[in-house]
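Chemist: Once you've had a glance at the structure underneath, I'll fire off some questions.
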There are 4 protein chains.
Amino acid sequence: MDVIVVMKAAASDDDVARVADRITELGLVPHPSKGEFRTIVGAIGEKTPQTREQLEQLPGVDEVMVISQPYKLASREFHEADTILDVKGIRIGGSHVNIIAGPCAIESREVLFGVGRAVKEAGASILRGGAYKPRSSPYSFQGRGREGLVLLKEAGEELNMPTITEVTDPRDVDTVCEFADILQIGSRNMQNFNLLLEVGKTDKPVFIKRGYAASTTELLMSAEYVLSQGNHRVILCERGIRTFGDDVRFTLDVSAIPVLQERTHLPVFFDPSHAAGKRDLVPPLALAGIAAGAHGAIVEVHSSPDRALCDGPQAVLPENFARLMKQMSAIAEIVGHRITPWGREEDRARRRVVGGWGG
Amino acid sequence: MDVIVVMKAAASDDDVARVADRITELGLVPHPSKGEFRTIVGAIGEKTPQTREQLEQLPGVDEVMVISQPYKLASREFHEADTILDVKGIRIGGSHVNIIAGPCAIESREVLFGVGRAVKEAGASILRGGAYKPRSSPYSFQGRGREGLVLLKEAGEELNMPTITEVTDPRDVDTVCEFADILQIGSRNMQNFNLLLEVGKTDKPVFIKRGYAASTTELLMSAEYVLSQGNHRVILCERGIRTFGDDVRFTLDVSAIPVLQERTHLPVFFDPSHAAGKRDLVPPLALAGIAAGAHGAIVEVHSSPDRALCDGPQAVLPENFARLMKQMSAIAEIVGHRITPWGREEDRARRRVVGGWGG
Amino acid sequence: MDVIVVMKAAASDDDVARVADRITELGLVPHPSKGEFRTIVGAIGEKTPQTREQLEQLPGVDEVMVISQPYKLASREFHEADTILDVKGIRIGGSHVNIIAGPCAIESREVLFGVGRAVKEAGASILRGGAYKPRSSPYSFQGRGREGLVLLKEAGEELNMPTITEVTDPRDVDTVCEFADILQIGSRNMQNFNLLLEVGKTDKPVFIKRGYAASTTELLMSAEYVLSQGNHRVILCERGIRTFGDDVRFTLDVSAIPVLQERTHLPVFFDPSHAAGKRDLVPPLALAGIAAGAHGAIVEVHSSPDRALCDGPQAVLPENFARLMKQMSAIAEIVGHRITPWGREEDRARRRVVGGWGG
Amino acid sequence: MDVIVVMKAAASDDDVARVADRITELGLVPHPSKGEFRTIVGAIGEKTPQTREQLEQLPGVDEVMVISQPYKLASREFHEADTILDVKGIRIGGSHVNIIAGPCAIESREVLFGVGRAVKEAGASILRGGAYKPRSSPYSFQGRGREGLVLLKEAGEELNMPTITEVTDPRDVDTVCEFADILQIGSRNMQNFNLLLEVGKTDKPVFIKRGYAASTTELLMSAEYVLSQGNHRVILCERGIRTFGDDVRFTLDVSAIPVLQERTHLPVFFDPSHAAGKRDLVPPLALAGIAAGAHGAIVEVHSSPDRALCDGPQAVLPENFARLMKQMSAIAEIVGHRITPWGREEDRARRRVVGGWGG
């Protein structure tokens, strides 16, 4: 989308259709995006020096912009305001902070429901649980698959929480869509482009974790794969990068949070659990990310981590999670955000307004 | 495979079957591997303190070993000698050095056949060409797909060269197997475990490129995914890692070559083109890798790089490739190796014998 | 100091002297350290299996411990409680959070005093300003040297703030001690061991910035160089590490804060300015580090950054710094800390008590 | 040196002096550099739009160039041909390859002379040995200091080899100059700018090792510190960088060799010993670096590494070093270089000519 056509507030649907048709005639692909006040139409492809001028003349067109970033639909140039998603009534992005919590893997009904209840009570708004677990060894527990998805759906319904789970294979996308509310793309699949295209064709929000050696631009390009298929509900997640350090599993790149927020309108989460790799380090990292202005965190919680089938050492105990939620909530307020279950319905003034650093 | 059962040279097929059955009874999964002189049976799973003793008593069993590495079938503990693969008469591994060359992407019959002829003449033994191109932008050229595969197969047949091409989706594995001789798993898919399992079920050699932030152990674990499915023909490829440096696209980790060779019996190649990112740097890196003892290199060559649809800046010109082949060949000899098309049929003393450093 | 001798509370000075003598006789070097309630004597060198037993029998000895870490005097094994330094009445460490602020370089009286007044008013407790600037180019502004030190001292006196400045050469240590209250060792000199030994012989607190590719263990070893000379007043500072990322100058390793605090009793600060490299990113990083539990931050502030002779782009404006101080202060409270100028005299319950994560 | 004045071949000394004077008048600092055929005068500082024109008019001036790189005297723009140093008759740079070898630290006369004799016989041209050892722990062996220097000088004289040793403190520069032929700046001191300025004032060649997280540009800037003081005899050394990998102590960045050679006229060496950290990996890395076109290597050799006081595990045995020298020599020939003791006096065609890759 080298070119973006901003329609006038008063432009009609016909005006928009005419612009889209003209874009097609010019050999580009149109991407209309209807906003509250105006409609914007992106045009991806090779533009000629005349493209701009040719589009500016059409009725209802206010302005034609050229986007300089390699990511187009993901950029703030394309969509200036924060995108706020609605997932079963939960609002994600803007000044809303949501904490996703739950066990790493769906192991048993007992653990899933027990942990789910605890995190819900503590203030988490979305339930996590892995059914397909990408493991570095073929001899490790690989997740419970479809059976796990069934449990997750039940838990979500009983607890009245939207659910998120990882999908690792384009062939599983349809199945996962049946059972979960948000599709997670794991770090190792951040550049599994066929998988991204497949989830881009669904109507489910897609939660993309940054690869542990991916640049922020590459993460935005992966989001672009999903957006380019017409699925505009994408959430990004910083989860730690690989550095020379060996104190933690991955180095949480806390600066990626404000850097991404400057470049994209999409919500930016982070994962203190996989970064830390040890439960003692999860709270300080969780607080740091919220203080840096993240739109949410995904935290692994387990009631008996020593018996967890996957990533036990980094799971926080439910009672510690409850305490952590309180601190996260207090910090979110300080940076102009609000943790969802305690939030008022009306949007608070956004952090960017409150902030306004620089100058 | 915590446990490996080494059969006596004189053990019968029945002996081997009995060992496999007993392993199953003990709750482990048997992995028989028939060598020139002996058969070895791996047993993956949780062993008890008695497992070893129980297996040692069976007829035909010479020795029972425990493997300490997380990778089992890939380790030198499991298979001490270098694995030498035979692909359409080309021997890969051991003292044989093979150069894979060709254009980055299959663009046109003209370029593919032209470059193919040139690299064949210069001494390359395997033809490369991408039909499915994983690109960081959804708006970039994505490869010619099946149409490209058809061209690649024709080129391989006309030039009498085995071919290699990348497969990026588990759903494409069957198709790619129809047309290519070696399946390439790209860096971005090194931990696409479902894809690894799928290629592990084929009878094609699998060429796995190291992820650009993957440890050598993780690369071996990915090989293990393929090996665990019964496909024992795996080739590893170092292709540059991501570091703080910005002079090159990726930092060629030349030490990974001897490090991997110490740990695994599988052939170890490297990719100077993707590491360098600029054609001027390809020759020094190519020579460095061969000097470090690699079993081969994969090099991008293009007759008119400025018109290439993908990665033109790193493609070497055919005439420079020919000169490079001569230097690589001379260096291979110095380290006790031999570049395939000029090699005698008999194996030369292996580098490890010639080498024997340390002490 | 493989061995640490903990004296009984009632041990006399003679008891301590006898232990020190015996340590010397055993071929080790004694390091006595007098605490509020007990004296501890470290013994560095090759111990024999009998060393422990031989020391345990001496009068006044309560316990003999072996320290497993390569850093000895810096470790929590040696000194369990947080070290709290007193610099001209300002308490550093424990639950006290101190913000060091000021211009990067001492350029002029006007800027130094102006910025100093502003940061003091906003709540900073220590004044920074560089007189010797290590610059990657020999052709860049290298600092005003002694002349700058004179100005810094005057400013500190007028504003009643302790001062900190960098020393880069062992030959300058005496001069810098004349004028500044805290000696800063910059990242590039973290392993300038002769410089560390020299500052270890002074009675000034030493503020050591982590090298941008140094492990936390190496940072602690550099602290050990200072401690081993008898100067026990060391402050550590995380300031960003070099990674593959290029969005920021250095990647702030926020996890280093809790990791260091677990291993050492020394105060742990961080530097959001040098990590960010851009003023817009300073506030989110500053808040993140305080939320992660740091004992303080060092922030560059300038009244006209576009005219700064050094690192202008990362300097925060005084008015933004004042707002940032308020947010940092609020976050410090949430994690059980208190920013110094607003703190009560009595220590609050320490974060470690409030925290107590894990289990 | 933003500006470089190239004098005509026929320019007189008076012409050069006049140019230098005019440069000073223009507010810049002149750096004359007398070559075989022409003299060049660099002018560092803020130039005005007129500077070029004003200098071009002076008698004897052929051309006035502007240098775009941050490093000036180190750049190929300033000095196009490879610099070839002469150290006691040994030629360094261009097509000459020199191997520096010896023990890590000077421990005893016996080891130093024994190893020295062995490496000399094997073909090494320069003797190494550390007297001041920068160690990460204050409790480790720190080198024998002056006493070690005396031994090194004796060994160099007896064996008729130039010597190299590390200097770590500006206060030791004079002493080290008395005893050694080449001054080594270690990785940890690559940005110890006061030390660089000090060695820049001597007439000894300076061998600068790249910091393990320094960019190649930063290495060149450190060289510039030395060059700017009038000492034009600088050798650069790649010695491994810090990455996420943990198989080796440091990842040898073999691509830095051709990258540096493209940008600078200074000789580029590498250190396979410190990169590898294990003696088994030294030979493959040593061969790789020579194949990549380095002007030399620095290799640690020890006759009884298990008793070495420093870095024993990476020291190669003398007999293995002799074999390695033969392989390095053979590889050097293949890339158009020649290892010094076996080299003809006349220069061979340079690698760059032989090479000429790209296009």
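Chain labels A, B, ... are given in the sequence in which chains occur in the structure tokens; within each chain residues are numbered consecutively from 1, and ligands are likewise numbered from 1 in the order shown.
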Using DSSP on the backbone coordinates, identify the residues of stretch 171-232 of chain A assigned to helix (DSSP H, G or I); present them as a PyMOL selection string.
Modeler: chain A and resi 171-179+187-189+193-200+216-227
Chemist: Quick check: residues of chain C within 6 Å of chain A, only C-alpha atoms, returned as an MDAnalysis selection string.
Modeler: chainID C and resid 243 279:280 284 287:288 291:292 357:358
Chemist: Of the residues A:Ile106, A:Leu197, A:Met221, A:Ile339, which is the one nearest to A:His302, using only C-alpha atoms?
Modeler: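 Of the candidates, the smallest distance to A:His302 is held by A:Ile106.
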Chemist: Using DSSP on the backbone coordinates, identify all residues within stretch 104-294 of chain C classified as strand (DSSP E or B); present the result as number ranges by chain.
Modeler: C: 105, 126-128, 130, 163-166, 182-185, 206-209, 234-238, 241, 251, 253, 264, 268-270
Chemist: Using only C-alpha atoms, which residues sit within 8 Å of B:Lys201 once same-chain residues fewer than 6 positions away are excluded, as a list in words?
Modeler: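 Residues near the query, excluding close chain neighbours: Val226, Gln229, Gly230 and Asn231 of chain B.
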Chemist: Give the answer as one residue: which of D:Leu195, D:Cys104, D:Ile99, D:Met161 has the shortest atom-to-atom distance to D:Phe269, using only C-alpha atoms?
Modeler: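 Among D:Leu195, D:Cys104, D:Ile99, D:Met161, it is D:Ile99 that comes nearest to D:Phe269.
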Chemist: Could you state the separation of atom CA of A:Ile90 and atom CA of A:Arg233 in Å, given to one decimal place?
Modeler: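 About the pair atom CA of A:Ile90 and atom CA of A:Arg233: they are 13.4 Å apart.
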Chemist: Tell me, as a count of residues only, which residues lie within 7 Å of A:Ala122, counting only C-alpha atoms; anything in the same chain fewer than 4 positions away does not count.
Modeler: 3
Chemist: Excluding same-chain residues fewer than 2 positions from stretch 52-56 of chain B, what lies within 8 Å of it counting only C-alpha atoms, as a ChimeraX atom specification?
Modeler: /B:3,5,19,22-23,49-50,58,61-65
Chemist: Since we have the selection now, will you write its residues out, keeping N, CA and C atoms, as a PDB file, in the first residue's frame?
Modeler:
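What follows is the written file part-v4.pdb:
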ATOM      1  N   VAL B   3      18.596 -44.799  25.486  1.00  0.00           N
ATOM      2  CA  VAL B   3      19.354 -46.045  25.483  1.00  0.00           C
ATOM      3  C   VAL B   3      19.576 -46.486  24.046  1.00  0.00           C
ATOM      4  N   VAL B   5      21.042 -49.834  21.866  1.00  0.00           N
ATOM      5  CA  VAL B   5      21.476 -51.222  21.934  1.00  0.00           C
ATOM      6  C   VAL B   5      22.330 -51.510  20.702  1.00  0.00           C
ATOM      7  N   VAL B  19      14.895 -57.684  20.199  1.00  0.00           N
ATOM      8  CA  VAL B  19      15.291 -56.515  20.991  1.00  0.00           C
ATOM      9  C   VAL B  19      14.235 -55.413  20.861  1.00  0.00           C
ATOM     10  N   ARG B  22      11.238 -56.245  22.926  1.00  0.00           N
ATOM     11  CA  ARG B  22      11.486 -56.095  24.359  1.00  0.00           C
ATOM     12  C   ARG B  22      11.479 -54.606  24.746  1.00  0.00           C
ATOM     13  N   ILE B  23      12.042 -53.793  23.886  1.00  0.00           N
ATOM     14  CA  ILE B  23      12.059 -52.348  24.137  1.00  0.00           C
ATOM     15  C   ILE B  23      10.624 -51.828  24.253  1.00  0.00           C
ATOM     16  N   PRO B  49      16.177 -47.943  36.096  1.00  0.00           N
ATOM     17  CA  PRO B  49      17.556 -48.360  36.372  1.00  0.00           C
ATOM     18  C   PRO B  49      17.858 -49.761  35.812  1.00  0.00           C
ATOM     19  N   GLN B  50      16.797 -50.538  35.624  1.00  0.00           N
ATOM     20  CA  GLN B  50      17.014 -51.919  35.158  1.00  0.00           C
ATOM     21  C   GLN B  50      17.088 -52.035  33.631  1.00  0.00           C
ATOM     22  N   LEU B  58      19.722 -59.995  26.233  1.00  0.00           N
ATOM     23  CA  LEU B  58      19.079 -60.590  25.050  1.00  0.00           C
ATOM     24  C   LEU B  58      20.137 -61.127  24.083  1.00  0.00           C
ATOM     25  N   VAL B  61      22.953 -59.183  21.519  1.00  0.00           N
ATOM     26  CA  VAL B  61      23.277 -57.838  21.995  1.00  0.00           C
ATOM     27  C   VAL B  61      24.741 -57.769  22.421  1.00  0.00           C
ATOM     28  N   ASP B  62      25.440 -56.778  21.900  1.00  0.00           N
ATOM     29  CA  ASP B  62      26.848 -56.639  22.256  1.00  0.00           C
ATOM     30  C   ASP B  62      27.012 -55.668  23.422  1.00  0.00           C
ATOM     31  N   GLU B  63      26.302 -54.542  23.340  1.00  0.00           N
ATOM     32  CA  GLU B  63      26.517 -53.472  24.305  1.00  0.00           C
ATOM     33  C   GLU B  63      25.252 -52.628  24.396  1.00  0.00           C
ATOM     34  N   VAL B  64      25.009 -52.049  25.559  1.00  0.00           N
ATOM     35  CA  VAL B  64      23.882 -51.124  25.708  1.00  0.00           C
ATOM     36  C   VAL B  64      24.450 -49.792  26.218  1.00  0.00           C
ATOM     37  N   MET B  65      24.184 -48.730  25.474  1.00  0.00           N
ATOM     38  CA  MET B  65      24.748 -47.420  25.834  1.00  0.00           C
ATOM     39  C   MET B  65      23.640 -46.443  26.204  1.00  0.00           C
TER      40      MET B  65
END
Chemist: In Å, how far is it from atom CA of A:Arg307 to atom CA of A:Phe141?
Modeler: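 Computing the Euclidean distance for atom CA of A:Arg307 and atom CA of A:Phe141 yields 13.0 Å.
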Chemist: Work out how far apart atom CA of C:Arg338 and atom CA of C:Arg263 are and give it in Å to one decimal.
Modeler: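 Distance reported for this atom pair: 22.0 Å.
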Chemist: If you count only C-alpha atoms, which residues fall within 7 Å of stretch 149-158 of chain C, apart from same-chain ones fewer than 5 positions away, as a CSV table (one decimal) with N, CA and C atoms, in the first residue's frame?
Modeler:
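And here's result-v9.csv as it stands now:
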chain,number,residue,atom,x,y,z
C,109,ARG,N,28.8,27.1,32.9
C,109,ARG,CA,28.2,27.3,34.2
C,109,ARG,C,26.7,27.5,34.1
C,113,PHE,N,24.3,25.0,36.1
C,113,PHE,CA,23.6,25.5,37.3
C,113,PHE,C,22.1,25.5,37.0
C,127,LEU,N,23.7,15.2,41.5
C,127,LEU,CA,23.9,15.9,40.3
C,127,LEU,C,25.0,15.3,39.4
C,129,GLY,N,27.4,15.2,35.7
C,129,GLY,CA,28.0,16.1,34.7
C,129,GLY,C,29.3,15.6,34.3
C,131,ALA,N,33.1,15.7,32.9
C,131,ALA,CA,34.2,16.5,32.6
C,131,ALA,C,35.2,15.9,31.6
C,163,THR,N,27.7,15.1,44.0
C,163,THR,CA,27.9,15.1,42.6
C,163,THR,C,28.6,13.8,42.1
C,179,PHE,N,37.2,16.9,43.6
C,179,PHE,CA,36.1,17.7,43.2
C,179,PHE,C,34.7,17.1,43.2
C,180,ALA,N,34.7,15.7,43.1
C,180,ALA,CA,33.4,15.0,43.0
C,180,ALA,C,33.2,14.1,44.2
Chemist: Leaving out B:Ser125 and any residue of its chain fewer than 2 positions from it, which residues lie within 12 Å of it when counting only C-alpha atoms, given as an MDAnalysis selection string?
Modeler: chainID B and resid 87:92 96:102 116:123 127:128 156 159:164 296:299 325 339:343
